[in-house]
Amino acid sequence: MKHEVYIQGYEGSFHQAAAIKFLGKEIGVNPCATFNELIKKASVKNESTRAVMAIENSIAGSILANYNLLQKSNLTIIGEVYLQIDQNLMVNKHVELEDIKEVHSHPMALQQCFAYLDKYNWKLIETEDTALSAKHIYQHKSKHIAAIASKLAAELFDLKIIAPHIHTLRNNYTRFLVLQHADFSQPVENANKASVNFHTDNSKGSLARVLTRIADTDVNLSKLQSFPIPGTNFKYSFHADLEFENLQQFDKVIEEIKPVIEHLKIYGVYKNGKLK
């Protein structure tokens with residue numbers, strides 16, 4: 001079955017690269033301008049539809065707004081992808097380094113490459129998307145403009161990577177969630193990770209009791225993120241990522257924490273991604 005995949009950004013973006021890494025090249029990519037649009041479109045009932053959404057970065061941290069979108073959606077996490085963010089300087093085929101006068105890219109990508117860019121007296125132009133910058137110089141046959149974008153963008157728009165791997169920090173990974181409408185999700189084979197949301201009665205030590213019960217089951221709590229509950233006076237819910245050896249271990253930890261929490265939502269039980 002060919003999957004239709006919603007991504008935030010444009011063709012050639014890191015979201016598309018993450019989608020290809022998880023689902024393969026034979027996918028239909030549907031770009032969305034915002035994460036809100038991505039969630040809205042992916043929430044329409046369709047068995048073949050998937051969505052890929054960035055959720056955190058190893059340098060910038062969690063994308064809190066996306067956790068809120070996930071919480072309000074009818075989507076289930078069916079997988080995750082860790083993608084190394086590899087920034088490359090690219091130009092049209094006939095352009096050389098000495099021809100460059102401007103470099104276009106998303107502000108974050110420019111910031112990630114300042115150590116390299118500071119070597120040159122180029123004008124830096126901020127744009128809304130890395131892949132869109134690559135597409136722009138291709139469409140306009142620019143002779144003096146370079147873009148910073150992914151290797152995928154260079155391949156899609158037939159651009160020459162004139163300087164690869166120009167980002168300053170090498171260990172820069174973004175974690176993406178792969179989502180599907182809950183009505184069509186199937187159990188994931190060899191699942192060893194789950195994402196859940198819970199809140200307690202906010203009494204003294206209530207969170208500590210939950211964490212102690214998780215630890216006693218030998219389940220690894222790999223992430224804990226708090227969120228204010230709308231309409232309350234500083235009460236919080238907690239997003240937790242749990243890693244385990246088998247589903248029986250996960251079922252056990254859920255049984256253990258239920259008596260000491262007020263609400264539980266399981267976002268998905270899936271196979272953990274690899275940092276490769």
# chains A, B, ... in the order shown; residues from 1 in each chain; ligands from 1

$ residues_around --residues "A:Thr49" --least-positions-apart "4" --cutoff "7 Å" --atoms "only C-alpha atoms" --output "mmCIF file with all heavy atoms, in the first residue's frame"
data_model
loop_
_atom_site.group_PDB
_atom_site.id
_atom_site.type_symbol
_atom_site.label_atom_id
_atom_site.label_comp_id
_atom_site.auth_asym_id
_atom_site.auth_seq_id
_atom_site.Cartn_x
_atom_site.Cartn_y
_atom_site.Cartn_z
ATOM 1 N N HIS A 3 1.603 4.919 0.915
ATOM 2 C CA HIS A 3 1.137 5.794 1.980
ATOM 3 C C HIS A 3 1.183 7.259 1.554
ATOM 4 O O HIS A 3 2.129 7.704 0.903
ATOM 5 C CB HIS A 3 2.001 5.611 3.231
ATOM 6 C CG HIS A 3 1.911 4.249 3.824
ATOM 7 N ND1 HIS A 3 0.741 3.724 4.314
ATOM 8 C CD2 HIS A 3 2.863 3.289 4.000
ATOM 9 C CE1 HIS A 3 0.967 2.500 4.771
ATOM 10 N NE2 HIS A 3 2.238 2.218 4.589
ATOM 11 N N GLU A 4 0.136 7.984 1.925
ATOM 12 C CA GLU A 4 0.130 9.429 1.788
ATOM 13 C C GLU A 4 0.627 9.998 3.121
ATOM 14 O O GLU A 4 0.084 9.677 4.176
ATOM 15 C CB GLU A 4 -1.275 9.941 1.493
ATOM 16 C CG GLU A 4 -1.810 9.509 0.134
ATOM 17 C CD GLU A 4 -1.003 10.116 -1.018
ATOM 18 O OE1 GLU A 4 -0.690 11.312 -0.950
ATOM 19 O OE2 GLU A 4 -0.690 9.374 -1.959
ATOM 20 N N VAL A 5 1.655 10.827 3.053
ATOM 21 C CA VAL A 5 2.286 11.311 4.275
ATOM 22 C C VAL A 5 2.235 12.832 4.336
ATOM 23 O O VAL A 5 2.689 13.525 3.408
ATOM 24 C CB VAL A 5 3.765 10.855 4.353
ATOM 25 C CG1 VAL A 5 4.388 11.315 5.674
ATOM 26 C CG2 VAL A 5 3.862 9.346 4.223
ATOM 27 N N ALA A 42 -4.147 15.181 8.810
ATOM 28 C CA ALA A 42 -3.872 13.773 9.107
ATOM 29 C C ALA A 42 -4.976 13.141 9.943
ATOM 30 O O ALA A 42 -5.099 11.915 9.983
ATOM 31 C CB ALA A 42 -2.537 13.643 9.827
ATOM 32 N N GLN A 180 -0.668 8.031 12.925
ATOM 33 C CA GLN A 180 -1.744 7.471 12.122
ATOM 34 C C GLN A 180 -3.054 7.634 12.895
ATOM 35 O O GLN A 180 -3.053 7.681 14.132
ATOM 36 C CB GLN A 180 -1.493 5.988 11.843
ATOM 37 C CG GLN A 180 -2.529 5.348 10.922
ATOM 38 C CD GLN A 180 -2.261 3.868 10.701
ATOM 39 O OE1 GLN A 180 -1.538 3.231 11.450
ATOM 40 N NE2 GLN A 180 -2.855 3.313 9.653
#

$ closest_residue --among "A:Lys265, A:Lys252, A:Lys151, A:Lys235" --to "A:Phe198" --atoms "only C-alpha atoms"
A:Lys265

$ atom_distance --atom1 "atom CA of A:Ile7" --atom2 "atom CA of A:Phe35"
8.2 Å

$ atom_distance --atom1 "atom CA of A:Glu128" --atom2 "atom CA of A:Gly12"
13.5 Å

$ select_by_dssp --residues "stretch 185-232 of chain A" --states "strand (DSSP E)" --output "ChimeraX atom specification"
/A:193-199,220-228

$ atom_distance --atom1 "atom CA of A:Asn66" --atom2 "atom CA of A:Leu132"
22.2 Å

$ closest_residue --among "A:Met53, A:Ala149, A:Leu275, A:Val219" --to "A:Gln249" --atoms "only C-alpha atoms"
A:Val219

$ select_by_dssp --residues "stretch 53-178 of chain A" --states "alpha helix (DSSP H)" --output "PyMOL selection string"
chain A and resi 64-72+107-112+114-117+130-139+151-156

$ write_last_selection --atoms "N, CA, C and O atoms" --output "tab-separated table (two decimals), in the first residue's frame"
chain	number	residue	atom	x	y	z
A	64	LEU	N	7.19	22.18	22.43
A	64	LEU	CA	6.06	22.02	23.36
A	64	LEU	C	4.71	22.14	22.67
A	64	LEU	O	3.77	21.41	23.01
A	65	ALA	N	4.59	23.04	21.70
A	65	ALA	CA	3.31	23.21	21.01
A	65	ALA	C	2.88	21.93	20.31
A	65	ALA	O	1.68	21.65	20.20
A	66	ASN	N	3.82	21.13	19.86
A	66	ASN	CA	3.47	19.90	19.15
A	66	ASN	C	2.96	18.82	20.10
A	66	ASN	O	2.12	17.99	19.72
A	67	TYR	N	3.43	18.83	21.34
A	67	TYR	CA	2.86	17.92	22.34
A	67	TYR	C	1.39	18.27	22.58
A	67	TYR	O	0.54	17.39	22.73
A	68	ASN	N	1.08	19.56	22.63
A	68	ASN	CA	-0.30	19.99	22.82
A	68	ASN	C	-1.19	19.59	21.65
A	68	ASN	O	-2.33	19.16	21.83
A	69	LEU	N	-0.66	19.71	20.44
A	69	LEU	CA	-1.41	19.30	19.25
A	69	LEU	C	-1.68	17.80	19.28
A	69	LEU	O	-2.78	17.34	18.96
A	70	LEU	N	-0.68	17.04	19.68
A	70	LEU	CA	-0.83	15.58	19.76
A	70	LEU	C	-1.89	15.21	20.79
A	70	LEU	O	-2.73	14.33	20.55
A	71	GLN	N	-1.89	15.90	21.92
A	71	GLN	CA	-2.82	15.58	22.99
A	71	GLN	C	-4.28	15.79	22.56
A	71	GLN	O	-5.16	15.03	22.95
A	72	LYS	N	-4.52	16.79	21.73
A	72	LYS	CA	-5.88	17.10	21.30
A	72	LYS	C	-6.32	16.31	20.06
A	72	LYS	O	-7.48	16.40	19.66
A	107	PRO	N	16.20	30.75	9.43
A	107	PRO	CA	17.05	31.36	10.47
A	107	PRO	C	17.79	30.34	11.34
A	107	PRO	O	18.96	30.52	11.68
A	108	MET	N	17.11	29.24	11.70
A	108	MET	CA	17.74	28.22	12.54
A	108	MET	C	18.91	27.56	11.82
A	108	MET	O	19.96	27.30	12.41
A	109	ALA	N	18.74	27.29	10.52
A	109	ALA	CA	19.81	26.67	9.75
A	109	ALA	C	21.01	27.62	9.64
A	109	ALA	O	22.17	27.19	9.74
A	110	LEU	N	20.74	28.90	9.43
A	110	LEU	CA	21.84	29.88	9.37
A	110	LEU	C	22.59	29.91	10.69
A	110	LEU	O	23.83	29.93	10.71
A	111	GLN	N	21.85	29.89	11.80
A	111	GLN	CA	22.48	29.92	13.12
A	111	GLN	C	23.34	28.68	13.33
A	111	GLN	O	24.42	28.75	13.94
A	112	GLN	N	22.88	27.55	12.85
A	112	GLN	CA	23.63	26.30	13.03
A	112	GLN	C	24.94	26.29	12.25
A	112	GLN	O	25.81	25.46	12.53
A	114	PHE	N	26.89	29.27	11.59
A	114	PHE	CA	27.59	30.55	11.71
A	114	PHE	C	29.11	30.41	11.69
A	114	PHE	O	29.81	31.26	11.14
A	115	ALA	N	29.65	29.37	12.30
A	115	ALA	CA	31.10	29.19	12.35
A	115	ALA	C	31.68	29.10	10.93
A	115	ALA	O	32.76	29.64	10.66
A	116	TYR	N	30.95	28.44	10.05
A	116	TYR	CA	31.41	28.35	8.65
A	116	TYR	C	31.13	29.65	7.90
A	116	TYR	O	32.01	30.16	7.19
A	117	LEU	N	29.95	30.19	8.06
A	117	LEU	CA	29.55	31.38	7.30
A	117	LEU	C	30.38	32.61	7.66
A	117	LEU	O	30.58	33.50	6.82
A	130	THR	N	14.20	25.73	4.64
A	130	THR	CA	15.46	25.37	3.99
A	130	THR	C	15.23	24.85	2.57
A	130	THR	O	15.89	25.28	1.62
A	131	ALA	N	14.29	23.91	2.44
A	131	ALA	CA	14.04	23.31	1.12
A	131	ALA	C	13.48	24.32	0.13
A	131	ALA	O	13.80	24.29	-1.06
A	132	LEU	N	12.68	25.25	0.62
A	132	LEU	CA	12.12	26.29	-0.24
A	132	LEU	C	13.23	27.19	-0.77
A	132	LEU	O	13.18	27.67	-1.91
A	133	SER	N	14.25	27.42	0.05
A	133	SER	CA	15.41	28.20	-0.39
A	133	SER	C	16.14	27.50	-1.53
A	133	SER	O	16.55	28.13	-2.51
A	134	ALA	N	16.29	26.20	-1.39
A	134	ALA	CA	16.93	25.42	-2.46
A	134	ALA	C	16.11	25.46	-3.74
A	134	ALA	O	16.64	25.65	-4.84
A	135	LYS	N	14.81	25.32	-3.60
A	135	LYS	CA	13.92	25.37	-4.76
A	135	LYS	C	13.99	26.74	-5.44
A	135	LYS	O	13.98	26.84	-6.67
A	136	HIS	N	14.09	27.79	-4.65
A	136	HIS	CA	14.14	29.16	-5.17
A	136	HIS	C	15.37	29.37	-6.06
A	136	HIS	O	15.24	29.92	-7.17
A	137	ILE	N	16.53	28.95	-5.60
A	137	ILE	CA	17.73	29.20	-6.43
A	137	ILE	C	17.72	28.33	-7.68
A	137	ILE	O	18.26	28.71	-8.72
A	138	TYR	N	17.08	27.15	-7.58
A	138	TYR	CA	16.96	26.31	-8.77
A	138	TYR	C	16.02	26.94	-9.79
A	138	TYR	O	16.35	27.04	-10.99
A	139	GLN	N	14.86	27.39	-9.35
A	139	GLN	CA	13.86	27.96	-10.26
A	139	GLN	C	14.34	29.25	-10.92
A	139	GLN	O	14.03	29.52	-12.08
A	151	LYS	N	20.63	17.23	2.00
A	151	LYS	CA	21.10	16.51	0.82
A	151	LYS	C	19.93	16.15	-0.08
A	151	LYS	O	20.03	16.19	-1.32
A	152	LEU	N	18.79	15.81	0.53
A	152	LEU	CA	17.58	15.48	-0.23
A	152	LEU	C	17.14	16.64	-1.10
A	152	LEU	O	16.76	16.45	-2.27
A	153	ALA	N	17.20	17.86	-0.58
A	153	ALA	CA	16.81	19.04	-1.35
A	153	ALA	C	17.73	19.21	-2.56
A	153	ALA	O	17.27	19.54	-3.66
A	154	ALA	N	19.02	18.98	-2.37
A	154	ALA	CA	19.97	19.08	-3.48
A	154	ALA	C	19.64	18.07	-4.57
A	154	ALA	O	19.69	18.38	-5.77
A	155	GLU	N	19.27	16.87	-4.16
A	155	GLU	CA	18.93	15.82	-5.12
A	155	GLU	C	17.65	16.16	-5.88
A	155	GLU	O	17.56	15.99	-7.10
A	156	LEU	N	16.64	16.65	-5.16
A	156	LEU	CA	15.35	16.95	-5.78
A	156	LEU	C	15.45	18.09	-6.79
A	156	LEU	O	14.78	18.08	-7.83

$ closest_residue --among "A:Thr34, A:Ser185, A:Ser13, A:Asn192" --to "A:Ser105" --atoms "only C-alpha atoms"
A:Ser13

$ closest_residue --among "A:Ile78, A:Ile100, A:Val29, A:Leu207" --to "A:Ile261" --atoms "only C-alpha atoms"
A:Leu207

$ closest_residue --among "A:Ser43, A:Asn202, A:Asn30, A:Ser195" --to "A:Asp241" --atoms "only C-alpha atoms"
A:Ser195

$ residues_around --residues "stretch 168-176 of chain A" --least-positions-apart "6" --cutoff "7 Å" --atoms "only C-alpha atoms" --output "list in words"
Val52, Met53, Ala54, Ile55, Glu56, Asn57, Ser58, Ile59, Glu80, Val81, Tyr82, Leu83, Gln84, Ile85, Gln112, Cys113 and Ala115 of chain A

$ write_last_selection --atoms "C-alpha atoms" --output "PDB file, in the first residue's frame"
ATOM      1  CA  VAL A  52       5.491  12.830  10.344  1.00  0.00           C
ATOM      2  CA  MET A  53       5.967  15.550  12.949  1.00  0.00           C
ATOM      3  CA  ALA A  54       9.096  16.836  14.683  1.00  0.00           C
ATOM      4  CA  ILE A  55       8.758  16.639  18.462  1.00  0.00           C
ATOM      5  CA  GLU A  56      12.200  17.489  19.874  1.00  0.00           C
ATOM      6  CA  ASN A  57      15.771  18.382  18.976  1.00  0.00           C
ATOM      7  CA  SER A  58      18.944  17.356  20.779  1.00  0.00           C
ATOM      8  CA  ILE A  59      20.088  21.006  20.920  1.00  0.00           C
ATOM      9  CA  GLU A  80       9.673   7.421  15.679  1.00  0.00           C
ATOM     10  CA  VAL A  81      12.668   8.540  13.628  1.00  0.00           C
ATOM     11  CA  TYR A  82      15.897  10.127  14.809  1.00  0.00           C
ATOM     12  CA  LEU A  83      17.397  12.125  11.962  1.00  0.00           C
ATOM     13  CA  GLN A  84      20.798  13.781  12.022  1.00  0.00           C
ATOM     14  CA  ILE A  85      20.409  17.368  10.859  1.00  0.00           C
ATOM     15  CA  GLN A 112      23.629  26.305  13.032  1.00  0.00           C
ATOM     16  CA  CYS A 113      26.235  27.214  10.412  1.00  0.00           C
ATOM     17  CA  ALA A 115      31.097  29.190  12.347  1.00  0.00           C
TER      18      ALA A 115
END

$ residues_around --residues "A:Ile254" --least-positions-apart "4" --cutoff "10 Å" --atoms "only C-alpha atoms" --output "PyMOL selection string"
chain A and resi 196+213-214+217+248-250+258-259+264+266

$ closest_residue --among "A:Thr127, A:Leu159, A:Ala240, A:Ser206" --to "A:Asn88" --atoms "only C-alpha atoms"
A:Leu159
